[in-house]
file final.csv (CSV, C-alpha atoms)
chain,number,residue,atom,x,y,z
A,272,MET,CA,-36.0,-28.9,-131.0
A,273,LEU,CA,-35.7,-25.5,-129.2
A,274,ARG,CA,-33.7,-27.2,-126.4
A,275,LEU,CA,-31.2,-28.6,-129.0
A,276,VAL,CA,-30.9,-25.1,-130.7
A,277,GLY,CA,-30.2,-23.6,-127.3
A,278,ILE,CA,-27.5,-26.1,-126.5
A,279,LEU,CA,-25.9,-25.5,-129.9
A,280,LEU,CA,-26.0,-21.7,-129.3
A,281,ALA,CA,-24.4,-22.1,-125.9
A,282,VAL,CA,-21.6,-24.3,-127.4
A,283,VAL,CA,-20.9,-21.9,-130.2
A,284,ALA,CA,-20.8,-19.0,-127.7
A,285,ALA,CA,-18.5,-20.9,-125.4
A,286,ILE,CA,-16.1,-21.6,-128.3
A,287,ALA,CA,-16.2,-18.0,-129.5
A,288,ALA,CA,-15.5,-16.7,-126.0
A,289,ALA,CA,-12.6,-19.2,-125.5
A,290,VAL,CA,-11.0,-18.1,-128.8
A,291,LEU,CA,-11.2,-14.5,-127.9
A,292,THR,CA,-9.9,-15.2,-124.4
A,293,TRP,CA,-7.0,-17.5,-125.3
A,294,PRO,CA,-6.5,-17.1,-129.1
A,295,SER,CA,-2.9,-18.4,-129.1
A,296,PHE,CA,-4.1,-21.8,-127.8
A,297,PHE,CA,-6.3,-22.2,-130.9
A,298,ARG,CA,-3.5,-20.7,-133.1
A,299,LEU,CA,-5.8,-18.0,-134.3
A,300,ASP,CA,-4.0,-15.0,-132.7
A,301,ARG,CA,-2.6,-13.9,-136.0
A,302,THR,CA,-5.7,-14.7,-138.1
A,303,PHE,CA,-8.3,-12.2,-139.4
A,304,PRO,CA,-10.6,-11.1,-137.7
A,305,VAL,CA,-9.6,-12.6,-134.4
A,306,ALA,CA,-6.3,-10.7,-134.4
A,307,GLN,CA,-8.2,-7.4,-134.7
A,308,ILE,CA,-10.7,-8.2,-132.0
A,309,VAL,CA,-8.2,-9.4,-129.4
A,310,SER,CA,-6.1,-6.2,-129.9
A,311,PHE,CA,-8.4,-4.5,-127.5
A,312,ARG,CA,-8.5,-7.0,-124.6
A,313,PRO,CA,-9.4,-4.3,-121.9
A,314,LEU,CA,-12.4,-3.4,-124.0
A,315,LEU,CA,-13.3,-7.1,-124.3
A,316,VAL,CA,-13.6,-7.2,-120.5
A,317,VAL,CA,-16.2,-4.5,-120.7
A,318,VAL,CA,-18.1,-6.1,-123.6
A,319,PHE,CA,-18.2,-9.5,-122.0
A,320,ALA,CA,-19.4,-8.0,-118.7
A,321,ALA,CA,-22.1,-5.9,-120.4
A,322,ALA,CA,-23.2,-9.0,-122.3
A,323,ALA,CA,-23.5,-11.0,-119.1
A,324,ILE,CA,-25.7,-8.3,-117.6
A,325,LEU,CA,-27.9,-8.3,-120.7
A,326,PHE,CA,-28.3,-12.1,-120.6
A,327,LEU,CA,-29.2,-11.9,-116.9
A,328,LEU,CA,-32.0,-9.5,-117.8
A,329,VAL,CA,-33.2,-11.7,-120.6
A,330,ALA,CA,-33.3,-14.6,-118.1
A,331,ILE,CA,-36.4,-13.0,-116.5
A,332,ILE,CA,-38.3,-14.4,-119.5
A,333,ARG,CA,-39.1,-18.0,-118.4
A,334,PRO,CA,-38.8,-19.7,-121.9
A,335,MET,CA,-35.3,-18.1,-122.4
A,336,ARG,CA,-34.1,-18.6,-118.8
A,337,ALA,CA,-31.8,-21.7,-119.3
A,338,LEU,CA,-30.1,-20.4,-122.4
A,339,ALA,CA,-29.8,-16.8,-121.1
A,340,LEU,CA,-28.2,-18.0,-117.8
A,341,SER,CA,-25.8,-20.3,-119.7
A,342,LEU,CA,-24.7,-17.4,-122.0
A,343,ALA,CA,-24.4,-15.1,-119.0
A,344,LEU,CA,-22.2,-17.7,-117.2
A,345,ILE,CA,-20.0,-17.9,-120.3
A,346,CYS,CA,-19.6,-14.1,-120.5
A,347,VAL,CA,-18.8,-13.8,-116.8
A,348,ALA,CA,-16.1,-16.4,-117.2
A,349,ALA,CA,-14.6,-14.8,-120.3
A,350,SER,CA,-14.7,-11.4,-118.7
A,351,ALA,CA,-13.0,-12.7,-115.5
A,352,VAL,CA,-10.3,-14.4,-117.4
A,353,SER,CA,-9.6,-11.4,-119.6
A,354,LEU,CA,-9.6,-9.1,-116.6
A,355,THR,CA,-7.1,-11.4,-114.8
A,356,THR,CA,-4.8,-11.1,-117.9
A,357,VAL,CA,-5.2,-7.3,-118.1
A,358,LEU,CA,-4.4,-6.9,-114.4
A,359,GLY,CA,-1.5,-9.4,-114.6
A,360,ARG,CA,0.1,-7.3,-117.3
A,361,GLY,CA,-0.4,-4.1,-115.4
A,362,ILE,CA,-2.6,-1.1,-115.7
A,363,GLY,CA,-0.3,1.8,-114.8
A,364,ALA,CA,3.0,2.2,-113.1
A,365,GLU,CA,3.9,5.8,-113.6
A,366,THR,CA,7.4,6.5,-112.1
A,367,LEU,CA,10.9,5.6,-113.0
A,368,PRO,CA,13.6,5.0,-110.3
A,369,GLU,CA,16.9,6.8,-110.3
A,370,LYS,CA,19.4,5.4,-112.7
A,371,GLY,CA,22.0,3.0,-111.2
A,372,GLU,CA,25.4,2.1,-112.5
A,373,GLY,CA,24.9,0.7,-116.0
A,374,SER,CA,21.2,1.6,-116.2
A,375,ILE,CA,19.9,2.9,-119.5
A,376,ARG,CA,16.5,4.3,-120.6
A,377,VAL,CA,14.8,3.5,-123.9
A,378,MET,CA,12.0,5.6,-125.4
A,379,THR,CA,9.9,4.6,-128.3
A,380,TRP,CA,7.3,6.9,-130.0
A,381,ASN,CA,5.6,6.6,-133.3
A,382,THR,CA,5.4,10.3,-134.1
A,383,ALA,CA,3.0,10.1,-137.0
A,384,GLY,CA,5.4,12.0,-139.2
A,385,GLU,CA,5.2,15.7,-139.1
A,386,ALA,CA,2.3,15.6,-136.7
A,387,THR,CA,4.8,15.7,-133.8
A,388,THR,CA,7.4,18.5,-133.8
A,389,ALA,CA,11.1,17.8,-133.3
A,390,GLU,CA,11.0,20.1,-130.3
A,391,SER,CA,8.3,18.1,-128.6
A,392,ILE,CA,10.2,14.8,-129.2
A,393,ALA,CA,13.5,16.3,-127.9
A,394,ARG,CA,11.8,17.8,-124.8
A,395,VAL,CA,10.3,14.5,-123.8
A,396,ALA,CA,13.5,12.5,-124.5
A,397,VAL,CA,15.6,14.8,-122.4
A,398,ALA,CA,13.1,15.0,-119.6
A,399,MET,CA,13.0,11.1,-119.5
A,400,ASP,CA,16.9,11.0,-119.7
A,401,ALA,CA,16.6,8.6,-122.7
A,402,ASP,CA,19.8,6.9,-123.9
A,403,VAL,CA,18.1,5.2,-126.9
A,404,VAL,CA,15.1,6.7,-128.8
A,405,THR,CA,13.3,4.8,-131.6
A,406,LEU,CA,11.0,6.9,-133.8
A,407,PRO,CA,8.9,5.1,-136.4
A,408,GLU,CA,7.4,7.3,-139.0
A,409,THR,CA,10.1,9.9,-138.5
A,410,THR,CA,12.5,11.1,-141.2
A,411,ILE,CA,16.2,11.6,-140.7
A,412,GLU,CA,15.7,15.3,-141.2
A,413,THR,CA,13.4,15.4,-138.2
A,414,GLY,CA,15.7,13.0,-136.4
A,415,GLU,CA,18.7,15.3,-136.9
A,416,GLN,CA,16.6,18.3,-135.6
A,417,VAL,CA,15.7,16.2,-132.5
A,418,ALA,CA,19.4,15.4,-132.0
A,419,ILE,CA,20.4,19.0,-132.3
A,420,ALA,CA,17.7,20.1,-129.9
A,421,MET,CA,18.7,17.5,-127.4
A,422,ARG,CA,22.4,18.5,-127.7
A,423,GLU,CA,21.4,22.1,-127.0
A,424,LEU,CA,19.6,20.8,-123.9
A,425,GLY,CA,22.8,19.1,-122.8
A,426,HIS,CA,21.9,15.6,-123.9
A,427,PRO,CA,23.8,14.8,-127.2
A,428,MET,CA,22.7,11.9,-129.4
A,429,TRP,CA,23.7,10.3,-132.7
A,430,ALA,CA,21.0,10.0,-135.3
A,431,HIS,CA,20.6,7.0,-137.5
A,432,HIS,CA,17.9,5.9,-139.9
A,433,THR,CA,16.6,3.7,-142.5
A,434,GLU,CA,14.0,4.3,-145.2
A,435,TYR,CA,12.1,2.8,-148.1
A,436,PHE,CA,11.4,4.6,-151.4
A,437,ALA,CA,13.5,7.7,-150.7
A,438,GLY,CA,12.0,10.9,-152.0
A,439,GLU,CA,8.4,9.8,-152.0
A,440,GLY,CA,7.6,12.0,-149.0
A,441,TRP,CA,5.6,9.5,-146.9
A,442,ASP,CA,7.1,9.6,-143.4
A,443,ALA,CA,5.9,6.1,-142.6
A,444,HIS,CA,8.6,4.9,-144.9
A,445,SER,CA,11.2,6.2,-142.6
A,446,THR,CA,12.4,5.0,-139.1
A,447,THR,CA,14.9,7.1,-137.1
A,448,LEU,CA,17.0,5.9,-134.2
A,449,LEU,CA,18.9,8.1,-131.7
A,450,ILE,CA,21.6,6.6,-129.5
A,451,THR,CA,23.7,8.3,-126.9
A,452,PRO,CA,27.5,8.5,-127.6
A,453,GLU,CA,28.0,6.9,-124.2
A,454,LEU,CA,27.0,3.5,-125.7
A,455,GLY,CA,29.7,3.9,-128.4
A,456,ASP,CA,29.6,4.1,-132.2
A,457,TYR,CA,26.8,2.4,-134.1
A,458,SER,CA,26.2,1.6,-137.8
A,459,VAL,CA,22.8,0.7,-139.3
A,460,ILE,CA,22.8,-2.5,-141.4
A,461,GLU,CA,21.8,-1.9,-145.0
A,462,SER,CA,18.5,-3.7,-145.8
A,463,SER,CA,16.2,-4.4,-148.7
A,464,VAL,CA,12.5,-3.8,-149.2
A,465,ASN,CA,11.6,-7.4,-150.1
A,466,GLY,CA,11.2,-8.4,-146.4
A,467,THR,CA,14.2,-10.8,-146.4
A,468,THR,CA,16.5,-8.4,-144.6
A,469,ASN,CA,13.9,-6.1,-143.0
A,470,THR,CA,10.2,-5.8,-142.2
A,471,SER,CA,8.1,-6.1,-145.4
A,472,THR,CA,6.3,-2.8,-145.9
A,473,LEU,CA,7.5,-0.2,-143.3
A,474,PRO,CA,11.3,-0.2,-142.4
A,475,SER,CA,12.9,-1.3,-139.2
A,476,ALA,CA,16.5,-0.1,-138.4
A,477,VAL,CA,19.0,-2.5,-137.0
A,478,ALA,CA,22.0,-0.7,-135.5
A,479,MET,CA,25.1,-2.7,-134.7
A,480,PRO,CA,27.9,-1.5,-132.3
A,481,VAL,CA,31.0,-0.8,-134.3
A,482,ASP,CA,33.3,-2.1,-131.5
A,483,GLY,CA,31.0,-5.1,-131.0
A,484,GLU,CA,30.6,-4.4,-127.2
A,485,GLY,CA,27.2,-2.6,-126.9
A,486,PRO,CA,23.7,-4.0,-127.4
A,487,ILE,CA,22.3,-4.6,-130.8
A,488,VAL,CA,19.5,-1.9,-131.1
A,489,VAL,CA,16.5,-2.6,-133.3
A,490,ALA,CA,14.0,0.2,-134.1
A,491,ALA,CA,11.0,-1.8,-135.1
A,492,HIS,CA,8.0,-1.0,-137.3
A,493,ALA,CA,5.7,-3.8,-138.4
A,494,VAL,CA,2.9,-3.1,-140.9
A,495,ALA,CA,-0.6,-2.8,-139.4
A,496,PRO,CA,-2.8,-6.0,-139.6
A,497,ARG,CA,-5.3,-4.7,-142.1
A,498,GLN,CA,-7.0,-7.6,-143.9
A,499,GLU,CA,-5.0,-7.0,-147.1
A,500,TYR,CA,-1.7,-7.0,-145.2
A,501,MET,CA,-2.2,-10.0,-142.9
A,502,ASP,CA,0.5,-12.1,-144.6
A,503,GLN,CA,3.0,-9.2,-144.5
A,504,TRP,CA,2.1,-8.5,-140.8
A,505,ARG,CA,2.8,-12.2,-139.9
A,506,THR,CA,6.1,-12.1,-141.8
A,507,ASP,CA,7.1,-8.9,-140.0
A,508,LEU,CA,6.5,-10.3,-136.6
A,509,GLN,CA,8.5,-13.4,-137.4
A,510,TRP,CA,11.3,-11.3,-138.7
A,511,LEU,CA,11.4,-9.2,-135.6
A,512,ALA,CA,11.4,-12.3,-133.4
A,513,ASP,CA,14.4,-13.6,-135.4
A,514,GLN,CA,16.3,-10.4,-134.5
A,515,CYS,CA,16.2,-11.5,-130.9
A,516,ALA,CA,18.5,-14.5,-131.2
A,517,ASP,CA,21.5,-12.7,-129.6
A,518,GLN,CA,22.1,-12.4,-125.9
A,519,ASN,CA,22.3,-8.6,-126.0
A,520,VAL,CA,19.4,-7.0,-128.0
A,521,ILE,CA,17.2,-4.0,-127.3
A,522,MET,CA,14.3,-3.9,-129.7
A,523,ALA,CA,11.8,-1.0,-129.5
A,524,GLY,CA,9.1,0.4,-131.7
A,525,ASP,CA,5.7,0.1,-133.2
A,526,PHE,CA,5.0,-3.7,-133.5
A,527,ASN,CA,1.3,-3.2,-134.5
A,528,ALA,CA,0.8,-6.2,-132.3
A,529,THR,CA,-0.1,-6.9,-128.6
A,530,LEU,CA,1.2,-9.7,-126.5
A,531,ASP,CA,-1.9,-11.6,-127.5
A,532,HIS,CA,-0.5,-11.8,-131.1
A,533,MET,CA,2.9,-13.3,-130.2
A,534,GLY,CA,2.0,-16.9,-129.4
A,535,GLY,CA,4.7,-19.2,-130.6
A,536,LEU,CA,7.2,-16.4,-131.5
A,537,GLY,CA,9.2,-16.7,-128.2
A,538,VAL,CA,11.9,-19.1,-127.2
A,539,ASP,CA,13.6,-19.7,-123.9
A,540,GLY,CA,10.9,-17.8,-122.0
A,541,GLY,CA,10.9,-14.8,-124.4
A,542,ASP,CA,7.9,-13.2,-126.0
A,543,MET,CA,9.6,-12.6,-129.3
A,544,GLY,CA,12.7,-14.7,-129.9
A,545,ARG,CA,14.7,-14.5,-126.7
A,546,CYS,CA,13.4,-10.9,-126.0
A,547,ARG,CA,10.9,-10.2,-123.2
A,548,ASP,CA,8.4,-7.4,-123.2
A,549,VAL,CA,9.4,-4.8,-120.6
A,550,ALA,CA,6.1,-3.0,-120.0
A,551,SER,CA,4.2,-6.2,-119.0
A,552,ARG,CA,6.9,-7.0,-116.6
A,553,THR,CA,6.9,-3.6,-115.0
A,554,GLY,CA,3.2,-2.8,-114.5
A,555,ASN,CA,2.2,-1.2,-117.8
A,556,GLY,CA,1.5,-4.1,-120.2
A,557,SER,CA,-2.2,-3.3,-120.5
A,558,VAL,CA,-1.9,0.5,-120.8
A,559,GLY,CA,-2.8,1.5,-124.4
A,560,THR,CA,-0.1,3.2,-126.4
A,561,TRP,CA,-2.6,3.6,-129.3
A,562,SER,CA,-4.8,5.5,-129.9
A,563,THR,CA,-4.6,8.8,-128.1
A,564,SER,CA,-8.2,9.4,-129.1
A,565,VAL,CA,-9.4,6.9,-126.4
A,566,PRO,CA,-8.5,6.6,-122.7
A,567,ALA,CA,-5.3,4.6,-122.2
A,568,LEU,CA,-7.0,1.8,-120.4
A,569,LEU,CA,-9.3,1.2,-123.3
A,570,GLY,CA,-6.6,1.4,-126.0
A,571,THR,CA,-4.3,-1.2,-127.3
A,572,SER,CA,-0.7,-1.8,-126.4
A,573,ILE,CA,1.1,-2.1,-129.7
A,574,ASP,CA,4.3,-0.2,-129.0
A,575,HIS,CA,6.8,-2.2,-127.1
A,576,VAL,CA,10.4,-2.3,-125.8
A,577,MET,CA,11.7,-5.8,-125.7
A,578,VAL,CA,15.1,-7.0,-124.3
A,579,SER,CA,17.2,-10.1,-124.3
A,580,PRO,CA,18.4,-11.8,-121.1
A,581,GLN,CA,21.4,-9.5,-120.7
A,582,TRP,CA,19.0,-6.8,-119.5
A,583,THR,CA,16.7,-6.7,-116.5
A,584,PRO,CA,13.5,-4.7,-116.9
A,585,THR,CA,13.3,-2.2,-114.0
A,586,ALA,CA,10.4,0.1,-114.7
A,587,SER,CA,8.3,1.6,-117.4
A,588,VAL,CA,6.0,4.6,-118.1
A,589,VAL,CA,3.4,5.1,-120.8
A,590,LEU,CA,3.3,8.9,-121.1
A,591,ARG,CA,-0.3,10.1,-121.2
A,592,THR,CA,0.5,13.8,-120.9
A,593,MET,CA,1.4,14.1,-124.6
A,594,ASP,CA,-1.9,13.0,-126.0
A,595,ASP,CA,-2.3,16.5,-127.6
A,596,SER,CA,1.1,16.4,-129.2
A,597,GLY,CA,-0.2,15.4,-132.7
A,598,SER,CA,0.7,11.8,-132.8
A,599,ASP,CA,-1.9,9.1,-132.3
A,600,HIS,CA,0.6,7.0,-130.3
A,601,ARG,CA,1.8,7.5,-126.7
A,602,PRO,CA,5.5,7.5,-125.9
A,603,LEU,CA,6.7,4.4,-123.9
A,604,ILE,CA,9.8,4.9,-121.8
A,605,VAL,CA,11.5,2.0,-119.9
A,606,GLN,CA,14.5,1.6,-117.6
A,607,LEU,CA,16.8,-1.3,-118.0
A,608,ASP,CA,19.6,-2.6,-115.7
A,609,PRO,CA,22.4,-5.0,-116.7
A,610,ALA,CA,21.5,-8.5,-115.6
A,611,SER,CA,23.5,-9.7,-112.7
call {"tool": "encode", "arguments": {"input": "final.csv", "output": "structure tokens"}}
result
Amino acid sequence: MLRLVGILLAVVAAIAAAVLTWPSFFRLDRTFPVAQIVSFRPLLVVVFAAAAILFLLVAIIRPMRALALSLALICVAASAVSLTTVLGRGIGAETLPEKGEGSIRVMTWNTAGEATTAESIARVAVAMDADVVTLPETTIETGEQVAIAMRELGHPMWAHHTEYFAGEGWDAHSTTLLITPELGDYSVIESSVNGTTNTSTLPSAVAMPVDGEGPIVVAAHAVAPRQEYMDQWRTDLQWLADQCADQNVIMAGDFNATLDHMGGLGVDGGDMGRCRDVASRTGNGSVGTWSTSVPALLGTSIDHVMVSPQWTPTASVVLRTMDDSGSDHRPLIVQLDPAS
């Protein structure tokens, strides 16, 4: 009887480890509570490794040896697979190359509303020579202050925005987008709050080039996957993926999702629609952009820049020097070159 119980425990443990290691295969990557657990894949590496050590110690007890060794083997395998995924996505490239002809830089930063000053945002954007800046949880008033400060620093930008429930005073209901005049004139598409023409709960801004020549720019903000918002979160991710049907799209912002949550959302080799995640292709896909309260390599990568095939990811940086700025997110800056 004890032998049968041990076998059942090992099977259950193997299934649980497999689900947390490869959630998209089981189509559980956007299901509570798996979605929340796999958000922290680097931490899972540590947890599985620690569990393996614990089971090896338990194996000293003779009656428990077979079960403990089986569980230790399962944890070692899960930790190794997760570590391979973490390292494959990248744990920290920290430099950007010189811009070439046609290169652009995109910065995204969830500023947590008034927690981050316009001066801080402008200073980082100018230092990074950003051509596109997406700012979830940032009002147009703050965005205009950022644009003015950037202009005074010799880096003019046009400010655009979208918001839900104007006048309610919650900055999370605003998303601001700054675009360099060198990319041409842009206009933000009007949207509704019902999730049919935008993300469901927090607004995303879709800016179209007036002359039709530049990239479509999407400043993304999906709702967080709290248990009561799981349906809206799934709908938001699908809506964002649908924005990447065009050949020339740059989408950046707070997706409240990691690559582990995007199974089945990509087409033609993309991660979401036809768009590919830049950080994971340039050595920073496992560096946590949230939360600044924990080390970057133990955080979760929920802020992304995604681009369609017309752009080639060149480099990326997750800026860790701004952890005391007020926001609980880290800025992500990427460099893109036109695809040859």
call {"tool": "closest_residue", "arguments": {"input": "final.csv", "among": "A:Leu530, A:Val316, A:Leu299, A:Ala322", "to": "Thr355 (chain A)", "atoms": "only C-alpha atoms"}}
result
A:Val316
call {"tool": "closest_residue", "arguments": {"input": "final.csv", "among": "A:Ser596, A:Ser471, A:Gly425, A:Thr302", "to": "Ala389 (chain A)", "atoms": "only C-alpha atoms"}}
result
A:Ser596
call {"tool": "residues_around", "arguments": {"input": "final.csv", "residues": "region 275-288 of chain A", "least_positions_apart": "4", "cutoff": "7 Å", "atoms": "only C-alpha atoms", "output": "NGL selection string"}}
result
:A and (292 or 338 or 341-342 or 345 or 349)
call {"tool": "residues_around", "arguments": {"input": "final.csv", "residues": "region 485-502 of chain A", "least_positions_apart": "3", "cutoff": "7 Å", "atoms": "only C-alpha atoms", "output": "ChimeraX atom specification"}}
result
/A:303,405,407,448,454,470,472-480,505-508,519-527
call {"tool": "closest_residue", "arguments": {"input": "final.csv", "among": "A:Arg552, A:Arg545, A:Leu327, A:Ser458", "to": "Gly359 (chain A)", "atoms": "only C-alpha atoms"}}
result
A:Arg552
call {"tool": "atom_distance", "arguments": {"input": "final.csv", "atom1": "CA of Thr583 (chain A)", "atom2": "CA of Ser598 (chain A)"}}
result
29.4 Å
call {"tool": "residues_around", "arguments": {"input": "final.csv", "residues": "Trp582 (chain A)", "least_positions_apart": "5", "cutoff": "10 Å", "atoms": "only C-alpha atoms", "output": "VMD selection string"}}
result
chain A and resid 374 to 375 486 518 to 521 546 to 547 549 577 606 to 611
call {"tool": "atom_distance", "arguments": {"input": "final.csv", "atom1": "CA of Ile573 (chain A)", "atom2": "CA of Thr433 (chain A)"}}
result
20.9 Å
call {"tool": "atom_distance", "arguments": {"input": "final.csv", "atom1": "CA of Asn555 (chain A)", "atom2": "CA of Thr379 (chain A)"}}
result
14.3 Å
call {"tool": "closest_residue", "arguments": {"input": "final.csv", "among": "A:Arg360, A:Thr366, A:Thr413, A:Arg376", "to": "Ala396 (chain A)", "atoms": "only C-alpha atoms"}}
result
A:Arg376
call {"tool": "residues_around", "arguments": {"input": "final.csv", "residues": "Val397 (chain A)", "least_positions_apart": "2", "cutoff": "8 Å", "atoms": "all atoms listed in the file", "output": "list of chain:residue names"}}
result
A:Ala393, A:Arg394, A:Val395, A:Met399, A:Asp400, A:Ala401, A:Met421, A:Leu424, A:His426
call {"tool": "closest_residue", "arguments": {"input": "final.csv", "among": "A:Ala398, A:Ala323, A:Leu315, A:Leu590", "to": "Leu344 (chain A)", "atoms": "only C-alpha atoms"}}
result
A:Ala323
call {"tool": "build_atoms", "arguments": {"input": "final.csv", "residues": "region 327-343 of chain A", "atoms": "N, CA, C and O atoms", "output": "PDB file, in the frame of the given file"}}
result
ATOM      1  N   LEU A 327     -28.546 -11.756-118.206  1.00  0.00           N
ATOM      2  CA  LEU A 327     -29.200 -11.900-116.900  1.00  0.00           C
ATOM      3  C   LEU A 327     -30.601 -11.259-116.945  1.00  0.00           C
ATOM      4  O   LEU A 327     -31.568 -11.772-116.356  1.00  0.00           O
ATOM      5  N   LEU A 328     -30.692 -10.139-117.637  1.00  0.00           N
ATOM      6  CA  LEU A 328     -32.000  -9.500-117.800  1.00  0.00           C
ATOM      7  C   LEU A 328     -32.937 -10.317-118.642  1.00  0.00           C
ATOM      8  O   LEU A 328     -34.139 -10.426-118.349  1.00  0.00           O
ATOM      9  N   VAL A 329     -32.371 -10.900-119.705  1.00  0.00           N
ATOM     10  CA  VAL A 329     -33.200 -11.700-120.600  1.00  0.00           C
ATOM     11  C   VAL A 329     -33.692 -12.970-119.818  1.00  0.00           C
ATOM     12  O   VAL A 329     -34.774 -13.507-120.106  1.00  0.00           O
ATOM     13  N   ALA A 330     -32.922 -13.427-118.819  1.00  0.00           N
ATOM     14  CA  ALA A 330     -33.300 -14.600-118.100  1.00  0.00           C
ATOM     15  C   ALA A 330     -34.589 -14.445-117.283  1.00  0.00           C
ATOM     16  O   ALA A 330     -35.172 -15.428-116.791  1.00  0.00           O
ATOM     17  N   ILE A 331     -35.054 -13.220-117.172  1.00  0.00           N
ATOM     18  CA  ILE A 331     -36.400 -13.000-116.500  1.00  0.00           C
ATOM     19  C   ILE A 331     -37.474 -13.656-117.317  1.00  0.00           C
ATOM     20  O   ILE A 331     -38.477 -14.108-116.754  1.00  0.00           O
ATOM     21  N   ILE A 332     -37.284 -13.750-118.630  1.00  0.00           N
ATOM     22  CA  ILE A 332     -38.300 -14.400-119.500  1.00  0.00           C
ATOM     23  C   ILE A 332     -38.153 -15.904-119.330  1.00  0.00           C
ATOM     24  O   ILE A 332     -37.122 -16.487-119.680  1.00  0.00           O
ATOM     25  N   ARG A 333     -39.164 -16.543-118.813  1.00  0.00           N
ATOM     26  CA  ARG A 333     -39.100 -18.000-118.400  1.00  0.00           C
ATOM     27  C   ARG A 333     -38.616 -18.875-119.572  1.00  0.00           C
ATOM     28  O   ARG A 333     -37.721 -19.695-119.378  1.00  0.00           O
ATOM     29  N   PRO A 334     -39.186 -18.777-120.795  1.00  0.00           N
ATOM     30  CA  PRO A 334     -38.800 -19.700-121.900  1.00  0.00           C
ATOM     31  C   PRO A 334     -37.284 -19.540-122.243  1.00  0.00           C
ATOM     32  O   PRO A 334     -36.669 -20.459-122.784  1.00  0.00           O
ATOM     33  N   MET A 335     -36.726 -18.363-121.973  1.00  0.00           N
ATOM     34  CA  MET A 335     -35.300 -18.100-122.400  1.00  0.00           C
ATOM     35  C   MET A 335     -34.368 -18.280-121.196  1.00  0.00           C
ATOM     36  O   MET A 335     -33.150 -18.101-121.361  1.00  0.00           O
ATOM     37  N   ARG A 336     -34.876 -18.644-120.038  1.00  0.00           N
ATOM     38  CA  ARG A 336     -34.100 -18.600-118.800  1.00  0.00           C
ATOM     39  C   ARG A 336     -32.816 -19.481-118.896  1.00  0.00           C
ATOM     40  O   ARG A 336     -31.701 -19.044-118.616  1.00  0.00           O
ATOM     41  N   ALA A 337     -32.983 -20.719-119.277  1.00  0.00           N
ATOM     42  CA  ALA A 337     -31.800 -21.700-119.300  1.00  0.00           C
ATOM     43  C   ALA A 337     -30.750 -21.189-120.218  1.00  0.00           C
ATOM     44  O   ALA A 337     -29.561 -21.157-119.857  1.00  0.00           O
ATOM     45  N   LEU A 338     -31.139 -20.831-121.443  1.00  0.00           N
ATOM     46  CA  LEU A 338     -30.100 -20.400-122.400  1.00  0.00           C
ATOM     47  C   LEU A 338     -29.492 -19.081-121.978  1.00  0.00           C
ATOM     48  O   LEU A 338     -28.268 -18.931-122.046  1.00  0.00           O
ATOM     49  N   ALA A 339     -30.304 -18.133-121.505  1.00  0.00           N
ATOM     50  CA  ALA A 339     -29.800 -16.800-121.100  1.00  0.00           C
ATOM     51  C   ALA A 339     -28.789 -16.979-119.926  1.00  0.00           C
ATOM     52  O   ALA A 339     -27.735 -16.340-119.894  1.00  0.00           O
ATOM     53  N   LEU A 340     -29.123 -17.836-118.962  1.00  0.00           N
ATOM     54  CA  LEU A 340     -28.200 -18.000-117.800  1.00  0.00           C
ATOM     55  C   LEU A 340     -26.920 -18.714-118.268  1.00  0.00           C
ATOM     56  O   LEU A 340     -25.840 -18.397-117.764  1.00  0.00           O
ATOM     57  N   SER A 341     -27.021 -19.642-119.204  1.00  0.00           N
ATOM     58  CA  SER A 341     -25.800 -20.300-119.700  1.00  0.00           C
ATOM     59  C   SER A 341     -24.912 -19.278-120.431  1.00  0.00           C
ATOM     60  O   SER A 341     -23.696 -19.244-120.213  1.00  0.00           O
ATOM     61  N   LEU A 342     -25.516 -18.418-121.253  1.00  0.00           N
ATOM     62  CA  LEU A 342     -24.700 -17.400-122.000  1.00  0.00           C
ATOM     63  C   LEU A 342     -24.145 -16.386-120.984  1.00  0.00           C
ATOM     64  O   LEU A 342     -23.010 -15.924-121.154  1.00  0.00           O
ATOM     65  N   ALA A 343     -24.907 -16.039-119.961  1.00  0.00           N
ATOM     66  CA  ALA A 343     -24.400 -15.100-119.000  1.00  0.00           C
ATOM     67  C   ALA A 343     -23.187 -15.700-118.235  1.00  0.00           C
ATOM     68  O   ALA A 343     -22.188 -15.005-118.000  1.00  0.00           O
TER      69      ALA A 343
END
